[in-house]
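Heads up: the structure comes next, in C-alpha cells.
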There are 2 protein chains.
Amino acid sequence: MASKVKSTARSSAMSELPLNKIVQGSCVDVLNSLPEKSVDVIFADPPYNLQLKDDLHRPDNSKVDAVTDKWDQFSSFAAYDQFTNEWLEAARRVLKDTGTIWVIGSYHNIFRVGYSMQNIGFWVLNDIVWRKSNPMPNFKGTRFTNAHETMIWASKSENAKGFTFNYDAMKAMNDDTQMRSDWVLPICAGKERLQDDEGKKAHATQKPEALLYRVIMSSTKPGDVVLDPFFGSGTTGAVAKKLGRNFIGIERESRYIKVAQKRIDAINPLEDEVLGYTQGKRAAPRVPFGSLIERGMIKPGMVLKCSKGKYSAKVRTDGTLVSDDVKGSIHQVGAKVQGAPACNGWTFWHIENEGQMMSIDVFRQQVRADIN
Amino acid sequence: MASKVKSTARSSAMSELPLNKIVQGSCVDVLNSLPEKSVDVIFADPPYNLQLKDDLHRPDNSKVDAVTDKWDQFSSFAAYDQFTNEWLEAARRVLKDTGTIWVIGSYHNIFRVGYSMQNIGFWVLNDIVWRKSNPMPNFKGTRFTNAHETMIWASKSENAKGFTFNYDAMKAMNDDTQMRSDWVLPICAGKERLQDDEGKKAHATQKPEALLYRVIMSSTKPGDVVLDPFFGSGTTGAVAKKLGRNFIGIERESRYIKVAQKRIDAINPLEDEVLGYTQGKRAAPRVPFGSLIERGMIKPGMVLKCSKGKYSAKVRTDGTLVSDDVKGSIHQVGAKVQGAPACNGWTFWHIENEGQMMSIDVFRQQVRADIN
DNA sequence: CCATCTAGTGAATCAGGGC
DNA sequence: AGCCCTGATTCACTAGATG
C-alpha cells in the first residue's frame, strides 16, 4: 500500500525513488530532492491562473462554485511565468532522457506553459485537445462555450529517442484507426467525483480517470514510473495503480493527500477492469443545418421547398430560413408555414434540382459520413 | 471590383482605408501606413513552421540567417518571437478599441503567439479548436494524428467592451444550442483548392471557406472591415465579400495576389435579405415599464405576481412597484422579494387574468411591434 | 420496480449604456 | 474612472424524490 512520506524530503536528497507514495511538500523542493533522470513520464496539472473576478450566476440565479483557491492566484503574468519555469526545469531534471511529459491547461495558462517548455528545451510531440462532452455553458451568452482543455505532450529534447508511444494500442482503442489529437471525454462528475467529509467536492479541479487512462496507456509501459508534481485528488496515482504502473505524487496540502491516499488504497490493481469509457459507436452525431452552409452544400439565398412545392423559404446566412415574415430554424419555419405544431425540417425541406426534388437530409448524411 | 494597390503604400501613410483591396508589401510596413483604430476585425494566419527557417523574414524584410547547428534552439525561437511581436503590435494599432483579432496556428507556433498576445495586452476571449474531419494521417505511426489547429480570439484589451459576438446567430447555426469552442470542419480540398497555371496547388496552407465563414459570421456585422495581414490565397477576402463585409488584404508575393484577386473578382455578394441573421433581445429597442402604464396596458394599482403566485407587488403611478416595504423598478423589486442577486422583471412578473398567468413581457412585445 | 419529475452542478478570465 | 440602472442569460448529466 502507498504511504505518505514526511516533508523531510525537502532538505535531504532521496537516494531511492519514493515509489507509489505521496510526498508532501513544494513541488520544486521535492523534485530537486529526487535523483536525476529517474522517471519515465510526468503528468502535470498545474494551477491555471484563472484570474476570476466577480461572482457568476446562472440564469436561475444560483451561484457558480468557481475555483477561488489560493493556489490558483498569482500576482501577474511574470509571477506565473517564473513559477512555471521553475517547476518545469525541476521536472526536466528528474525525467529520463527517454521520458515524456504531459501538461494540461486552458487558454488562461497554456500559451505561457508551452512557451516556457519550448524555451527550456522540451520538444512538443503533440498538443492534445480534450473535448468535453458536457462542458459548463456560457451562462451570459457572451462567448463561445469553453468546451475543451489542452494538453501538451513533449519529449525531453528535440533529438530525444526511445520514448514510449503505444501506437497499436491506441489504434486498437480507436476502432482500428489512428488515435487523433482530439479526445472526446466527459468531465469528472457523479460518483467518480470525490467528496470531503462535508459532502462537498474534495478538489475543485479533479480530472476524470478516463483522461489519465488514455495518457498512461499511450505513453507508458507496465512497471514504468509516472510522476505527478501537482497530485491533488490523485487521479494520476489511481489510474497508474490500476494499470500496473508505479506512481510518485507530490502535493502540498494535507487535505488533498488524505483524500488521495484513501482513494488509492481502495484500488485493486489486479482487477482486469475495463474502465467506464467505452469507445463504442455513439448515436448518429447531430449535424446542425448551419454546417451545410459553411461547407457550401447549401448556399445562402437558396430556395427550399416542401416535397410538393406548395411551401417555400429562403436560406439566410446563419442557417435560419425566412418565408414572408416568418423566420427561424428549418424546423420552426416548416411548422409555421404549415400551421403545424411541429415539423422535422430535415425531411420536410427539399431542393429543386433539374425538376427533381431532393431532400436536404441527403446532405446531412454526407456530413455524417464525413465526420466519422 | 477589388484592385491591387501598388507598393508605394510602404512609404507613405494612407489617409483612407484601402477597402476591398489587396495591398502588396511587408505586413508591418503596410499596417503602419494605415490609420490607427480603423478596422473592426483582424484575421491572421501567420507563418507556422519554425522548421521552415528559410521562409522566415524579419519585419524589415531582411531574411533571418539560415540556422546552422551552432544556433541553439532558443535563438531561432527568439527570431520568431520578434517577428510575432512586431506584427501583433502593428496589428493592434490599426484595430478599433471595439475590435477583435483572430490568429490561427498549430503547436509549432501557437504558444509563442498566445504568449506574445497576452504580453502585448490582448485579452483572450476564447481559444477555438478547428477539429479537422479529414486530417492527414501520421504516416510513421510515431505520434497521435495531428488532427486540429488552434485559433486564438482576443479583444484589444482586458476591459474592452462593445466588440461584436453574434451569439444568437451562432446558436441558430448550431441547432439552437450554444456554439462551442471546438469546430468540426473539413480541410480545404477538391474544387475549393485553388490551383496555379501549372495545375499545382496555388498556396500551401489555403484555409477552407467554412472556417472563415464561421469566424466572420460570429464576430462581424455586415459592412464591417476585416483585415488579413497574411492574405495568401485570399480566403478571408472571398468570404468577407460573399457576406457583405469589407476586407483589406496584405500580401508580399505577387503570385498569391494574382490568384486571390481572380478568386475574389468572381464572387457575387449575397443580397441583403439573406444577410439578415438571428438577433437576440439585446438588439431590440428598450421599452420602459412606465410606457405600458402611459398606454393604459397596465393600470396603477394592479397586482403583479410571479408565475407561481408566491410573490406579489402593486403597480404605482410612476412605473415602480411596491411590495411590503420594498419599492423600486420591476427588476429591483423582483430581485429583492426573491432574495436573488438580480432579476429580469419583464419575465418574472405576471398578471392574473381569468385564472391564467400572463407575462408582462407580452405587453412589451406589443409595444415593440407597435413601434416598428 | 419502473417511470417521471425536480434539483443540483461543472477549471468561467461571462453586460452594456448613460451620466 | 466609477457608479447606477436596466435586463439578458444554460447544456449535459447525475442523484434523489415522487408517483
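Please note that chains go A, B, ... in the order of the C-alpha cells, that every chain numbers its residues from 1, and that ligands are numbered from 1 in the order shown.
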*Enumerate the residues of stretch 172-372 of chain A with a DSSP assignment of helix (DSSP H, G or I), computed from the backbone, and present them as a ChimeraX atom specification.*
/A:172-173,190-192,209-219,235-242,254-265,289-294,330-338,345-348,361-371
*Select residues of chain A: the criterion is any atom within 7 Å of an atom of chain C, counting only C-alpha atoms (C1' of nucleotides); output as a ChimeraX atom specification.*
/A:50-52,67,135-136,138-140,142,205
Residue subset to file, keeping N, CA, C and O atoms, as a PDB file, in the first residue's frame:
ATOM      1  N   LEU A  50      -6.576  31.395 -13.307  1.00  0.00           N
ATOM      2  CA  LEU A  50      -7.823  31.741 -13.999  1.00  0.00           C
ATOM      3  C   LEU A  50      -8.161  33.226 -13.963  1.00  0.00           C
ATOM      4  O   LEU A  50      -8.864  33.722 -14.816  1.00  0.00           O
ATOM      5  N   GLN A  51      -7.712  33.927 -12.965  1.00  0.00           N
ATOM      6  CA  GLN A  51      -7.955  35.381 -12.880  1.00  0.00           C
ATOM      7  C   GLN A  51      -9.438  35.715 -12.880  1.00  0.00           C
ATOM      8  O   GLN A  51      -9.896  36.589 -13.620  1.00  0.00           O
ATOM      9  N   LEU A  52     -10.205  35.002 -12.069  1.00  0.00           N
ATOM     10  CA  LEU A  52     -11.632  35.283 -11.971  1.00  0.00           C
ATOM     11  C   LEU A  52     -11.842  36.483 -11.067  1.00  0.00           C
ATOM     12  O   LEU A  52     -11.121  36.680 -10.106  1.00  0.00           O
ATOM     13  N   VAL A  67     -13.409  28.303  -9.049  1.00  0.00           N
ATOM     14  CA  VAL A  67     -12.107  27.955  -8.470  1.00  0.00           C
ATOM     15  C   VAL A  67     -11.523  29.208  -7.833  1.00  0.00           C
ATOM     16  O   VAL A  67     -10.965  30.054  -8.517  1.00  0.00           O
ATOM     17  N   PRO A 135     -19.545  20.190 -21.170  1.00  0.00           N
ATOM     18  CA  PRO A 135     -18.927  21.351 -20.511  1.00  0.00           C
ATOM     19  C   PRO A 135     -19.963  22.240 -19.855  1.00  0.00           C
ATOM     20  O   PRO A 135     -21.154  22.124 -20.135  1.00  0.00           O
ATOM     21  N   MET A 136     -19.493  23.100 -19.009  1.00  0.00           N
ATOM     22  CA  MET A 136     -20.373  24.118 -18.443  1.00  0.00           C
ATOM     23  C   MET A 136     -20.703  25.132 -19.542  1.00  0.00           C
ATOM     24  O   MET A 136     -19.809  25.548 -20.278  1.00  0.00           O
ATOM     25  N   ASN A 138     -21.782  28.779 -21.396  1.00  0.00           N
ATOM     26  CA  ASN A 138     -21.501  30.188 -21.155  1.00  0.00           C
ATOM     27  C   ASN A 138     -22.823  30.848 -20.764  1.00  0.00           C
ATOM     28  O   ASN A 138     -23.684  31.100 -21.607  1.00  0.00           O
ATOM     29  N   PHE A 139     -22.958  31.105 -19.476  1.00  0.00           N
ATOM     30  CA  PHE A 139     -24.280  31.471 -18.971  1.00  0.00           C
ATOM     31  C   PHE A 139     -24.759  32.829 -19.475  1.00  0.00           C
ATOM     32  O   PHE A 139     -25.955  33.050 -19.622  1.00  0.00           O
ATOM     33  N   LYS A 140     -23.862  33.729 -19.719  1.00  0.00           N
ATOM     34  CA  LYS A 140     -24.259  35.073 -20.108  1.00  0.00           C
ATOM     35  C   LYS A 140     -24.395  35.252 -21.621  1.00  0.00           C
ATOM     36  O   LYS A 140     -24.750  36.332 -22.086  1.00  0.00           O
ATOM     37  N   THR A 142     -22.013  35.406 -23.929  1.00  0.00           N
ATOM     38  CA  THR A 142     -21.085  36.430 -24.383  1.00  0.00           C
ATOM     39  C   THR A 142     -19.931  35.886 -25.210  1.00  0.00           C
ATOM     40  O   THR A 142     -19.194  36.654 -25.828  1.00  0.00           O
ATOM     41  N   THR A 205     -10.747  20.823  -9.039  1.00  0.00           N
ATOM     42  CA  THR A 205     -10.407  20.556 -10.446  1.00  0.00           C
ATOM     43  C   THR A 205     -10.031  19.098 -10.689  1.00  0.00           C
ATOM     44  O   THR A 205      -9.117  18.816 -11.459  1.00  0.00           O
TER      45      THR A 205
END
Using 6 Å as the limit and counting only C-alpha atoms, can you tabulate each residue of chain B that touches chain A, with its shortest atom-to-atom distance in Å and the two atoms involved, as a Markdown table?
| residue | atom | partner | partner_atom | distance |
| --- | --- | --- | --- | --- |
| B:Phe74 | CA | A:Asn119 | CA | 5.8 |
| B:Phe111 | CA | A:Phe111 | CA | 4.2 |
| B:Arg112 | CA | A:Tyr115 | CA | 5.4 |
| B:Gly114 | CA | A:Phe111 | CA | 5.3 |
| B:Tyr115 | CA | A:Phe111 | CA | 5.3 |
| B:Ser133 | CA | A:Ile371 | CA | 5.2 |
| B:Phe144 | CA | A:Arg180 | CA | 5.2 |
| B:Thr145 | CA | A:Arg180 | CA | 4.5 |
| B:Asn146 | CA | A:Ser181 | CA | 5.4 |
| B:Ala147 | CA | A:Ser181 | CA | 5.5 |
| B:Ala169 | CA | A:Asp318 | CA | 5.6 |
| B:Met173 | CA | A:Gly290 | CA | 4.3 |
| B:Asn174 | CA | A:Pro288 | CA | 5.0 |
| B:Asp175 | CA | A:Pro288 | CA | 5.0 |
| B:Met179 | CA | A:Phe144 | CA | 5.6 |
| B:Arg180 | CA | A:Thr145 | CA | 4.4 |
| B:Ser181 | CA | A:Asn146 | CA | 5.4 |
| B:Ala210 | CA | A:Glu294 | CA | 4.4 |
| B:Val274 | CA | A:Arg316 | CA | 4.4 |
| B:Leu275 | CA | A:Thr317 | CA | 5.6 |
| B:Tyr277 | CA | A:Asp318 | CA | 5.6 |
*Find the residues of chain D in contact range of chain A, meaning any atom within 6 Å when counting only C-alpha atoms (C1' of nucleotides), and list them as a ChimeraX atom specification.*
/D:9-12,14
*Write down as a VMD selection string the residues of stretch 118-301 of chain A whose backbone DSSP state falls under strand (DSSP E or B).*
chain A and resid 123 to 132 145 148 to 155 180 182 to 185 195 201 225 to 228 246 to 251
Non-local contacts of B:Ser359 (7 Å; only C-alpha atoms (C1' of nucleotides); under 4 positions in same chain excluded) as a CSV table (one decimal) with N, CA and C atoms, in the first residue's frame:
chain,number,residue,atom,x,y,z
B,347,THR,N,-39.8,39.1,-17.4
B,347,THR,CA,-40.2,37.7,-17.4
B,347,THR,C,-40.6,37.2,-16.1
B,349,TRP,N,-42.5,39.0,-13.6
B,349,TRP,CA,-43.9,39.4,-13.2
B,349,TRP,C,-45.0,39.0,-14.2
B,350,HIS,N,-46.1,38.7,-13.6
B,350,HIS,CA,-47.3,38.3,-14.4
B,350,HIS,C,-48.5,39.0,-14.0
B,351,ILE,N,-49.5,39.0,-14.8
B,351,ILE,CA,-50.8,39.4,-14.5
B,351,ILE,C,-51.8,38.3,-14.5
*Do a least-squares overlay of chain A on chain B, C-alpha atoms all paired in order, then report the RMSD in Å.*
17.1 Å
_Using only C-alpha atoms (C1' of nucleotides), which protein or nucleic acid residues come within 10 Å of stretch 192-203 of chain B? Drop anything in the same chain fewer than 2 positions from it, and give the result as JSON, numbers by chain._
{"A": [296], "B": [187, 188, 189, 190, 205, 206, 207, 208, 209, 232, 233, 234, 255, 256, 258, 259, 260, 263]}
*Could you tell me which of B:Phe43, B:Phe247, B:Phe348, B:Trp183 comes closest to B:Gly223 if we count only C-alpha atoms?*
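Smallest separation from B:Gly223 among the options: B:Phe247.
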*For atom CA of B:Ile248 and atom CA of B:Lys37, the interatomic separation in Å (one decimal)*: 14.1 Å
_As an exercise, work out the distance from atom CA of B:Ile104 to atom CA of B:Asp45 in Å and give it to one decimal place._
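Computed distance, atom CA of B:Ile104 to atom CA of B:Asp45, equals 5.3 Å.
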